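Following: one structure in structure tokens, then a few remarks.
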Amino acid sequence: MSKINFSSDKEAVDALSQSFKDLSKEISKVIVGQNEVVRSVLISLFSNGHSLLVGVPGLAKTLLVSTIADVLDLDFKRIQFTPDLMPSDITGSEILGEDRHFKFNKGPLFTNILLADEINRTPPKTQAALLESMQERSVTVSGVKHNLPTPFFVLATQNPIEQEGTYPLPEAQLDRFMFNVPLDYPSFEEELVVVKNTTSSYSTSLNNIVDADQILYFQQLVRKIPVTDNVLEYAVGLVSKTRPGTPRATKTVNDYISWGAGPRASQYLILGAKCHAAIHGKYSPDIEDVQAIAKYVLRHRIVRNFKAEAEGINEEKIIETLF
């Protein structure tokens, strides 16, 4: 299927834009609405980043991820995170073979797209095993390093309402996720379509739009997209504004934030803006592209203080003041 021989980077960016449109159209056969969520997940995939989906049960988070895996022609595995899950349950372990030698039995981490369902339901030790693989793209078992397949992409889900028996991800681990994507309830019209489709004999078949080689090519292409100095300065300035007690911090930040975003946020803002520009047919990102993805990048990287929580000031409101 792979035919990667574009005559120029401009032609390649056009192909990425077209692939995004084709993917969105194909996914919409199964997923009704959620256009912003689909767009964000695809941007993080083409930027070689991971995403955290936050939403109440029943909003088709699992269906969304499996549908994306289908249209991308990639291997897909799902892990249901529970309090008794051990690191070896996800990374794999060494077993004694018939020849009396130990051999490595690969765990579900060895896939292209991994759905980490309810990641906040498992203890920190198991969360850390997953997060190491996200950062290093490899796992180490008994001192031996095992590389994960490429592309490797983690979509984790988190349920924001049931907090009993959960282990919230620490900020340092949340920072591993490029995007934090909230899922909301469907509109009345969208829910009508969902109920109609899922309570009848309606079924659809999905076509593979992009394969692994093309994704890896597009990931490299996104990094090659040029960025002007003013856009770079805007992105870094936006992140530095989130740090209370520093020269660039705004009054809102000093009043309502106890901890701001680190340099990884600046990197993801630029990568995300490059991809956002490319899928919309532009060959270089502008400030609007940075603003379009800023909430997804910054939402989980700023920590509100007690005053913000008491006054009902959420992360979105604070980020909007930075623009």
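Quick note on naming: the chains in the structure tokens go A, B, ... in the order shown, residues restart at 1 in each chain, and ligands are numbered from 1 in order of appearance.
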I'd like the neighbourhood of Val222 (chain A) as a compact mmCIF listing (two decimals) with C-alpha atoms, in the first residue's frame, where a residue qualifies if any of its atoms comes within 12 Å (using only C-alpha atoms), though same-chain residues fewer than 5 positions away should be ignored.
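Once everything was written out, this is part.txt:
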```txt
# COMPACT_ATOMS: atom_id res chain seq x y z
CA ASP A 9 7.87 18.39 0.76
CA LYS A 10 5.03 20.64 -0.44
CA ALA A 12 3.99 15.54 0.87
CA VAL A 13 2.21 18.10 3.08
CA ASP A 14 -0.69 18.10 0.61
CA LEU A 16 -0.84 14.54 4.72
CA SER A 17 -3.73 17.02 4.54
CA ILE A 43 -2.61 15.35 15.31
CA SER A 44 -0.87 13.71 18.27
CA LEU A 45 -0.40 10.50 16.23
CA PHE A 46 1.21 12.35 13.31
CA SER A 47 3.32 14.33 15.82
CA ASN A 48 4.52 11.07 17.43
CA GLY A 49 2.90 11.91 20.78
CA ILE A 215 2.61 7.26 9.39
CA LEU A 216 6.35 7.09 10.11
CA TYR A 217 6.99 9.16 6.96
CA VAL A 227 8.55 27.62 11.77
CA TYR A 268 4.59 19.95 21.93
CA ILE A 270 5.38 23.72 18.14
CA LEU A 271 5.04 20.11 16.95
CA GLY A 272 1.25 20.24 17.32
CA ALA A 273 1.06 23.62 15.54
CA LYS A 274 3.14 22.25 12.65
CA CYS A 275 0.79 19.29 12.25
CA HIS A 276 -2.33 21.44 12.71
CA ALA A 277 -1.07 23.72 9.91
CA ALA A 278 -0.24 20.76 7.63
CA ILE A 279 -3.64 19.06 7.95
CA LYS A 282 -0.60 25.25 5.21
CA TYR A 283 3.14 24.83 4.78
CA SER A 284 4.17 26.68 7.93
CA PRO A 285 2.30 27.24 11.21
```
Shell around region 316-318 of chain A at 10 Å using only C-alpha atoms, local window under 4 positions removed, as a ChimeraX atom specification: /A:242,250,252-253,256-257,294-296,298-299,302,304,308,312,322-323
Based on the selection just made, write N, CA and C atoms of those residues as a PDB file, in the first residue's frame.
```pdb
ATOM      1  N   THR A 242       2.723  30.725  32.048  1.00  0.00           N
ATOM      2  CA  THR A 242       1.979  29.857  32.983  1.00  0.00           C
ATOM      3  C   THR A 242       2.717  29.640  34.295  1.00  0.00           C
ATOM      4  N   THR A 250       1.309  36.257  34.263  1.00  0.00           N
ATOM      5  CA  THR A 250       0.235  37.257  34.308  1.00  0.00           C
ATOM      6  C   THR A 250      -0.372  37.284  35.711  1.00  0.00           C
ATOM      7  N   THR A 252      -3.458  36.742  36.503  1.00  0.00           N
ATOM      8  CA  THR A 252      -4.338  35.573  36.643  1.00  0.00           C
ATOM      9  C   THR A 252      -3.542  34.345  37.060  1.00  0.00           C
ATOM     10  N   VAL A 253      -2.385  34.166  36.410  1.00  0.00           N
ATOM     11  CA  VAL A 253      -1.528  33.014  36.719  1.00  0.00           C
ATOM     12  C   VAL A 253      -1.037  33.097  38.163  1.00  0.00           C
ATOM     13  N   TYR A 256      -4.023  32.243  40.485  1.00  0.00           N
ATOM     14  CA  TYR A 256      -4.756  30.974  40.445  1.00  0.00           C
ATOM     15  C   TYR A 256      -3.919  29.717  40.183  1.00  0.00           C
ATOM     16  N   ILE A 257      -2.653  29.863  39.855  1.00  0.00           N
ATOM     17  CA  ILE A 257      -1.844  28.678  39.526  1.00  0.00           C
ATOM     18  C   ILE A 257      -0.740  28.498  40.552  1.00  0.00           C
ATOM     19  N   ALA A 294      -3.386  24.778  21.957  1.00  0.00           N
ATOM     20  CA  ALA A 294      -2.784  25.141  23.241  1.00  0.00           C
ATOM     21  C   ALA A 294      -3.509  24.521  24.438  1.00  0.00           C
ATOM     22  N   LYS A 295      -4.838  24.493  24.399  1.00  0.00           N
ATOM     23  CA  LYS A 295      -5.587  23.957  25.545  1.00  0.00           C
ATOM     24  C   LYS A 295      -5.266  22.488  25.786  1.00  0.00           C
ATOM     25  N   TYR A 296      -5.134  21.727  24.687  1.00  0.00           N
ATOM     26  CA  TYR A 296      -4.859  20.291  24.826  1.00  0.00           C
ATOM     27  C   TYR A 296      -3.460  20.046  25.406  1.00  0.00           C
ATOM     28  N   LEU A 298      -1.657  22.359  27.316  1.00  0.00           N
ATOM     29  CA  LEU A 298      -1.408  23.007  28.612  1.00  0.00           C
ATOM     30  C   LEU A 298      -2.343  22.541  29.725  1.00  0.00           C
ATOM     31  N   ARG A 299      -3.503  22.010  29.356  1.00  0.00           N
ATOM     32  CA  ARG A 299      -4.534  21.708  30.357  1.00  0.00           C
ATOM     33  C   ARG A 299      -4.008  20.863  31.521  1.00  0.00           C
ATOM     34  N   ILE A 302      -0.701  22.544  33.987  1.00  0.00           N
ATOM     35  CA  ILE A 302      -0.782  23.619  34.974  1.00  0.00           C
ATOM     36  C   ILE A 302      -1.589  23.111  36.168  1.00  0.00           C
ATOM     37  N   ARG A 304      -3.799  24.131  39.359  1.00  0.00           N
ATOM     38  CA  ARG A 304      -4.553  25.211  40.004  1.00  0.00           C
ATOM     39  C   ARG A 304      -4.351  25.191  41.512  1.00  0.00           C
ATOM     40  N   ALA A 308      -8.335  29.000  43.021  1.00  0.00           N
ATOM     41  CA  ALA A 308      -8.964  28.723  41.720  1.00  0.00           C
ATOM     42  C   ALA A 308     -10.088  27.699  41.865  1.00  0.00           C
ATOM     43  N   GLY A 312     -14.127  28.260  41.310  1.00  0.00           N
ATOM     44  CA  GLY A 312     -14.615  27.587  40.107  1.00  0.00           C
ATOM     45  C   GLY A 312     -13.900  28.012  38.832  1.00  0.00           C
ATOM     46  N   LEU A 322      -4.333  33.771  28.627  1.00  0.00           N
ATOM     47  CA  LEU A 322      -2.950  33.899  28.162  1.00  0.00           C
ATOM     48  C   LEU A 322      -2.866  34.364  26.706  1.00  0.00           C
ATOM     49  N   PHE A 323      -3.942  34.124  25.928  1.00  0.00           N
ATOM     50  CA  PHE A 323      -3.932  34.535  24.531  1.00  0.00           C
ATOM     51  C   PHE A 323      -3.989  36.057  24.398  1.00  0.00           C
TER      52      PHE A 323
END
```
Selected residue of minimal separation from His50 (chain A) among A:Phe81, A:Phe20, A:Phe110, A:Phe152, counting only C-alpha atoms: A:Phe152
Contact residues around Gly55 (chain A) with only C-alpha atoms at 6 Å, ignoring same-chain residues under 3 positions, as a PyMOL selection string: chain A and resi 159+182-183
Export of prior selection with C-alpha atoms as an mmCIF file, in the first residue's frame:
```
data_model
loop_
_atom_site.group_PDB
_atom_site.id
_atom_site.type_symbol
_atom_site.label_atom_id
_atom_site.label_comp_id
_atom_site.auth_asym_id
_atom_site.auth_seq_id
_atom_site.Cartn_x
_atom_site.Cartn_y
_atom_site.Cartn_z
ATOM 1 C CA ASN A 159 -12.703 8.589 34.257
ATOM 2 C CA PRO A 182 -11.764 16.019 27.148
ATOM 3 C CA LEU A 183 -14.764 14.085 25.814
#
```
Sel. of helix (DSSP H, G or I) residues, region 91-143 of chain A, as a list in words: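 Matching residues, listed in order: Thr91, Ile119, Asn120, Arg121, Pro124, Lys125, Thr126, Gln127, Ala128, Ala129, Leu130, Leu131, Glu132, Ser133, Met134, Gln135 and Glu136 of chain A.
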Selected residues written out with N, CA and C atoms, as a compact mmCIF listing (two decimals), in the first residue's frame:
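Final output, saved to result33.txt:
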```txt
# COMPACT_ATOMS: atom_id res chain seq x y z
N THR A 91 4.18 -5.47 30.31
CA THR A 91 5.44 -5.48 29.56
C THR A 91 5.77 -6.87 29.03
N ILE A 119 -6.43 4.37 33.18
CA ILE A 119 -5.04 4.31 33.65
C ILE A 119 -4.92 4.71 35.13
N ASN A 120 -5.88 5.48 35.62
CA ASN A 120 -5.81 5.91 37.03
C ASN A 120 -6.38 4.88 37.99
N ARG A 121 -6.69 3.66 37.49
CA ARG A 121 -7.20 2.61 38.37
C ARG A 121 -6.10 1.64 38.80
N PRO A 124 0.83 3.00 41.13
CA PRO A 124 1.93 3.75 40.51
C PRO A 124 3.01 2.87 39.86
N LYS A 125 3.28 1.72 40.43
CA LYS A 125 4.32 0.83 39.89
C LYS A 125 3.99 0.40 38.46
N THR A 126 2.72 0.07 38.23
CA THR A 126 2.30 -0.36 36.89
C THR A 126 2.17 0.84 35.95
N GLN A 127 1.69 1.97 36.48
CA GLN A 127 1.65 3.19 35.66
C GLN A 127 3.05 3.55 35.18
N ALA A 128 4.04 3.42 36.08
CA ALA A 128 5.42 3.78 35.74
C ALA A 128 5.97 2.88 34.63
N ALA A 129 5.59 1.59 34.64
CA ALA A 129 6.06 0.67 33.60
C ALA A 129 5.54 1.09 32.22
N LEU A 130 4.28 1.53 32.19
CA LEU A 130 3.70 2.01 30.93
C LEU A 130 4.38 3.31 30.49
N LEU A 131 4.56 4.22 31.44
CA LEU A 131 5.10 5.53 31.10
C LEU A 131 6.56 5.46 30.67
N GLU A 132 7.30 4.49 31.21
CA GLU A 132 8.68 4.30 30.74
C GLU A 132 8.69 3.91 29.26
N SER A 133 7.78 3.01 28.89
CA SER A 133 7.73 2.57 27.49
C SER A 133 7.30 3.71 26.57
N MET A 134 6.43 4.60 27.07
CA MET A 134 5.99 5.74 26.27
C MET A 134 7.15 6.67 25.96
N GLN A 135 8.01 6.86 26.95
CA GLN A 135 9.13 7.78 26.78
C GLN A 135 10.27 7.14 25.99
N GLU A 136 10.62 5.91 26.37
CA GLU A 136 11.81 5.27 25.79
C GLU A 136 11.49 4.48 24.52
```
Exercise: Arg301 (chain A) partners within 12 Å, only C-alpha atoms, chain neighbours under 6 positions left out, as a PyMOL selection string: chain A and resi 169-180+239-240+242-243+257-266+268+294-295+315-316+319
Atoms to include: C-alpha atoms. Write the selected residues as a PDB file, in the first residue's frame.
```
ATOM      1  CA  LEU A 169      -1.245  10.261  37.679  1.00  0.00           C
ATOM      2  CA  PRO A 170       1.473  12.521  39.122  1.00  0.00           C
ATOM      3  CA  GLU A 171       2.288  15.689  37.168  1.00  0.00           C
ATOM      4  CA  ALA A 172       5.643  14.284  36.003  1.00  0.00           C
ATOM      5  CA  GLN A 173       3.835  11.344  34.418  1.00  0.00           C
ATOM      6  CA  LEU A 174       1.003  13.426  32.979  1.00  0.00           C
ATOM      7  CA  ASP A 175       3.748  15.418  31.233  1.00  0.00           C
ATOM      8  CA  ARG A 176       4.470  12.338  29.076  1.00  0.00           C
ATOM      9  CA  PHE A 177       1.164  12.867  27.285  1.00  0.00           C
ATOM     10  CA  MET A 178       1.260  15.332  24.428  1.00  0.00           C
ATOM     11  CA  PHE A 179      -2.475  16.063  24.624  1.00  0.00           C
ATOM     12  CA  ASN A 180      -5.148  15.923  27.299  1.00  0.00           C
ATOM     13  CA  VAL A 239       4.307  28.501  28.214  1.00  0.00           C
ATOM     14  CA  SER A 240       6.501  30.826  30.271  1.00  0.00           C
ATOM     15  CA  THR A 242       1.979  29.857  32.983  1.00  0.00           C
ATOM     16  CA  ARG A 243       4.766  29.887  35.595  1.00  0.00           C
ATOM     17  CA  ILE A 257      -1.844  28.678  39.526  1.00  0.00           C
ATOM     18  CA  SER A 258       0.534  26.974  41.925  1.00  0.00           C
ATOM     19  CA  TRP A 259       2.679  25.286  39.252  1.00  0.00           C
ATOM     20  CA  GLY A 260       3.202  26.035  35.558  1.00  0.00           C
ATOM     21  CA  ALA A 261       4.150  24.077  32.422  1.00  0.00           C
ATOM     22  CA  GLY A 262       7.690  22.900  31.656  1.00  0.00           C
ATOM     23  CA  PRO A 263       9.759  23.006  28.433  1.00  0.00           C
ATOM     24  CA  ARG A 264       8.096  19.873  27.061  1.00  0.00           C
ATOM     25  CA  ALA A 265       4.926  21.956  26.669  1.00  0.00           C
ATOM     26  CA  SER A 266       6.790  24.378  24.360  1.00  0.00           C
ATOM     27  CA  TYR A 268       4.592  19.952  21.927  1.00  0.00           C
ATOM     28  CA  ALA A 294      -2.784  25.141  23.241  1.00  0.00           C
ATOM     29  CA  LYS A 295      -5.587  23.957  25.545  1.00  0.00           C
ATOM     30  CA  GLU A 315      -7.764  25.396  33.427  1.00  0.00           C
ATOM     31  CA  GLU A 316      -9.493  26.435  30.174  1.00  0.00           C
ATOM     32  CA  ILE A 319      -5.354  29.368  29.382  1.00  0.00           C
TER      33      ILE A 319
END
```
